[in-house]
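First up is the structure itself, then whatever we jot down about it.
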Amino acid sequence: MKIAVINDLSGMGRCSLTASIPILNALGQQVFPVPTAILSNQTGYDKFSFFDFTDHMDEYIENWKILGVKFDCIYSGFLSNVKQAEKILYLKQNCGTKDTLLLVDPVMGDGGKMYATFDKALCDKVKALAKSADVVTPNFTEACLITDTNYDEFCKSLNEQNFYDCFYALAQKVADVTDSQVVITGIERNEGLHYVYNFVLSKEGKYFTKNRMYGGHYSGTGDIMASIIAGELCNGKKLHECVRIASDFLEVAVKDAFHHSVNKNDGVNFEKFLPDLILSQAKR
């Protein structure tokens, strides 16, 4: 299947397009990358160069329109300014069909705060784009931003008894705002051992995944999660099945990165595990 991936291209950090392209290829998809920005490295490093690609996106998309390309899925990630959200909708209108899946990873922030490259206007535009999506994959912070939920107050309200109910309720709020299926990703929890949860609200019901967490947050894990979800949805799997596959894949890759003392800014060692995804396709 043909998947257009709209995201930044970071030369270092194993994230965004450099993560999505090989993962989606391993899942049997043909990838059509659309860079939103070109960076020397992802912004977690102390220094980075940044080139906004907005002014070049129209010609890029118009050529696809002229060539008659039609996408089975459009997956959007990091946007560098408000104009780019409209370009994604234009791409879907002109290079999509009534059956084209739109997956929006609303990259806006983490740890309770917006990213440094974001402001309220851009966040509002990403929220508006999410309302056109079939599936949205926010992290905890982004789910709060989409629903105007106070992150700090939400954290204070959590306890052992209400943990699951609170996150399912937050997922439902995201679904109500966006009218889409929802995956809230990367929720960390210390239960003696550290775990990471993903909460799913889909057409089939509500689900969660729970996996061991090793060494804290690594660059690109959200991109890997969203890429596997997009690829496996195109392969006909249900949303909760896609999240389970992505969660298990990430646990193995993160564990390997942790044991090899990989710098968290450099991302996880996902490449060596791509054969597992390829083999899973061959068995079908």
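Following the order of the structure tokens, chains are lettered A, B, ..., residues in each are numbered from 1, and ligands are numbered from 1.
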Problem set entry | alpha helix (DSSP H) call set, DSSP backbone run, stretch 31-265 of chain A, as a PyMOL selection string | chain A and resi 54-67+83-95+120-130+140-147+151-157+163-178+221-234+239-259
Problem set entry | Residues near A:Ser49, cut-off 9 Å, only C-alpha atoms, skip fewer than 5 positions along chain, as a PyMOL selection string | chain A and resi 38-41+43
Saved selection, atoms kept: all heavy atoms, as a tab-separated table (two decimals), in the first residue's frame:
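Writing done, so here's again11.tsv:
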```
chain	number	residue	atom	x	y	z
A	38	ILE	N	13.89	20.23	7.85
A	38	ILE	CA	15.12	19.45	7.76
A	38	ILE	C	16.05	19.93	8.86
A	38	ILE	O	16.39	21.11	8.94
A	38	ILE	CB	15.77	19.58	6.38
A	38	ILE	CG1	14.80	19.09	5.30
A	38	ILE	CG2	17.07	18.78	6.32
A	38	ILE	CD1	15.26	19.34	3.89
A	39	LEU	N	16.43	19.00	9.75
A	39	LEU	CA	17.27	19.33	10.90
A	39	LEU	C	18.56	18.52	10.84
A	39	LEU	O	18.57	17.38	10.37
A	39	LEU	CB	16.55	19.02	12.22
A	39	LEU	CG	15.31	19.85	12.58
A	39	LEU	CD1	14.07	19.27	11.91
A	39	LEU	CD2	15.11	19.86	14.09
A	40	SER	N	19.62	19.12	11.34
A	40	SER	CA	20.88	18.37	11.45
A	40	SER	C	20.72	17.23	12.43
A	40	SER	O	21.32	16.16	12.26
A	40	SER	CB	22.00	19.30	11.91
A	40	SER	OG	21.66	19.90	13.16
A	41	ASN	N	19.91	17.43	13.44
A	41	ASN	CA	19.65	16.44	14.49
A	41	ASN	C	18.39	16.87	15.23
A	41	ASN	O	17.96	18.03	15.13
A	41	ASN	CB	20.83	16.33	15.46
A	41	ASN	CG	21.41	17.67	15.85
A	41	ASN	OD1	22.28	18.21	15.14
A	41	ASN	ND2	20.95	18.24	16.95
A	43	THR	N	15.83	17.94	18.26
A	43	THR	CA	16.02	19.12	19.11
A	43	THR	C	16.40	18.81	20.56
A	43	THR	O	16.60	19.73	21.35
A	43	THR	CB	14.74	19.98	19.11
A	43	THR	OG1	13.63	19.20	19.59
A	43	THR	CG2	14.44	20.47	17.70
```
For this session: DSSP on the backbone, then: every residue of stretch 135-181 of chain A marked strand (DSSP E or B), written as a count of residues only.
Result: 4
For this session: Considering only C-alpha atoms, state which residue in the set A:Asp105, A:Glu153, A:Glu188, A:Asp176 is at the smallest distance from A:Met225.
Result: A:Asp105
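Interatomic distance, atom CA of A:Asn211 against atom CA of A:Ala19: 20.7 Å.
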Who sits within 12 Å of A:Thr100, only C-alpha atoms, same chain under 6 positions skipped, as a PDB file with C-alpha atoms, in the first residue's frame:
```
ATOM      1  CA  MET A   1       0.000   0.000   0.000  1.00  0.00           C
ATOM      2  CA  LYS A   2       1.018   3.624  -0.493  1.00  0.00           C
ATOM      3  CA  ILE A   3       1.590   5.739   2.630  1.00  0.00           C
ATOM      4  CA  ALA A   4       2.448   9.449   2.605  1.00  0.00           C
ATOM      5  CA  LYS A  70      -3.520   8.045  -4.618  1.00  0.00           C
ATOM      6  CA  PHE A  71      -2.646   7.143  -1.048  1.00  0.00           C
ATOM      7  CA  ASP A  72      -4.105   4.401   1.110  1.00  0.00           C
ATOM      8  CA  CYS A  73      -2.867   6.174   4.239  1.00  0.00           C
ATOM      9  CA  ILE A  74      -1.585   9.615   5.185  1.00  0.00           C
ATOM     10  CA  TYR A  75       0.371   9.832   8.431  1.00  0.00           C
ATOM     11  CA  LEU A  89      -5.666  18.370   4.330  1.00  0.00           C
ATOM     12  CA  LEU A  91      -2.905  16.393   0.199  1.00  0.00           C
ATOM     13  CA  LYS A  92      -5.726  14.178   1.446  1.00  0.00           C
ATOM     14  CA  GLN A  93      -8.300  15.980  -0.670  1.00  0.00           C
ATOM     15  CA  ASN A  94      -6.263  15.730  -3.868  1.00  0.00           C
ATOM     16  CA  SER A 132     -10.023  15.337  10.615  1.00  0.00           C
ATOM     17  CA  ALA A 133      -8.161  12.178  11.620  1.00  0.00           C
ATOM     18  CA  ASP A 134      -9.338   8.583  11.714  1.00  0.00           C
ATOM     19  CA  VAL A 135      -6.721   7.744  14.356  1.00  0.00           C
ATOM     20  CA  ALA A 230      -0.045   3.035  10.523  1.00  0.00           C
ATOM     21  CA  LEU A 233      -3.595  -0.785  10.047  1.00  0.00           C
ATOM     22  CA  CYS A 234      -2.852  -0.825   6.314  1.00  0.00           C
TER      23      CYS A 234
END
```
Problem set entry | Neighbour list for A:Thr178 as a ChimeraX atom specification, cut-off 7 Å, only C-alpha atoms, skip fewer than 2 positions in-chain | /A:130-131,174-176,180
Writer output for current selection, C-alpha atoms, as a compact mmCIF listing (two decimals), in the first residue's frame:
```txt
# COMPACT_ATOMS: atom_id res chain seq x y z
CA ALA A 130 -6.61 16.00 14.65
CA LYS A 131 -10.36 16.57 14.20
CA VAL A 174 -9.73 13.04 23.06
CA ALA A 175 -12.18 10.90 21.09
CA ASP A 176 -15.00 13.36 21.83
CA SER A 180 -11.49 9.55 16.02
```
Problem set entry | For A:Gly13, the nearest of the candidates A:Gln281, A:Thr221, A:Asp276, A:Phe249, counting only C-alpha atoms |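 Ranking A:Gln281, A:Thr221, A:Asp276, A:Phe249 by distance to A:Gly13, first place goes to A:Thr221.
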Exercise. Quick one: of A:Val82, A:Val104, A:Ile6, A:Cys95, who's nearest to A:Leu67, counting only C-alpha atoms?
Worked result: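 That would be A:Cys95, the residue with the smallest distance to A:Leu67.
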Problem set entry | Within 9 Å of A:Ile23 using only C-alpha atoms, minus same-chain residues under 5 positions, as a PyMOL selection string | chain A and resi 28-29+224+227-228+231+270-271+274+277
For this session: Find the residues near A:Ile61: any atom within 9 Å, counting only C-alpha atoms, skip ones fewer than 4 places away on the same chain, and give them as a PyMOL selection string.
Result: chain A and resi 34+56-57+65-66+87+90-91+94-95
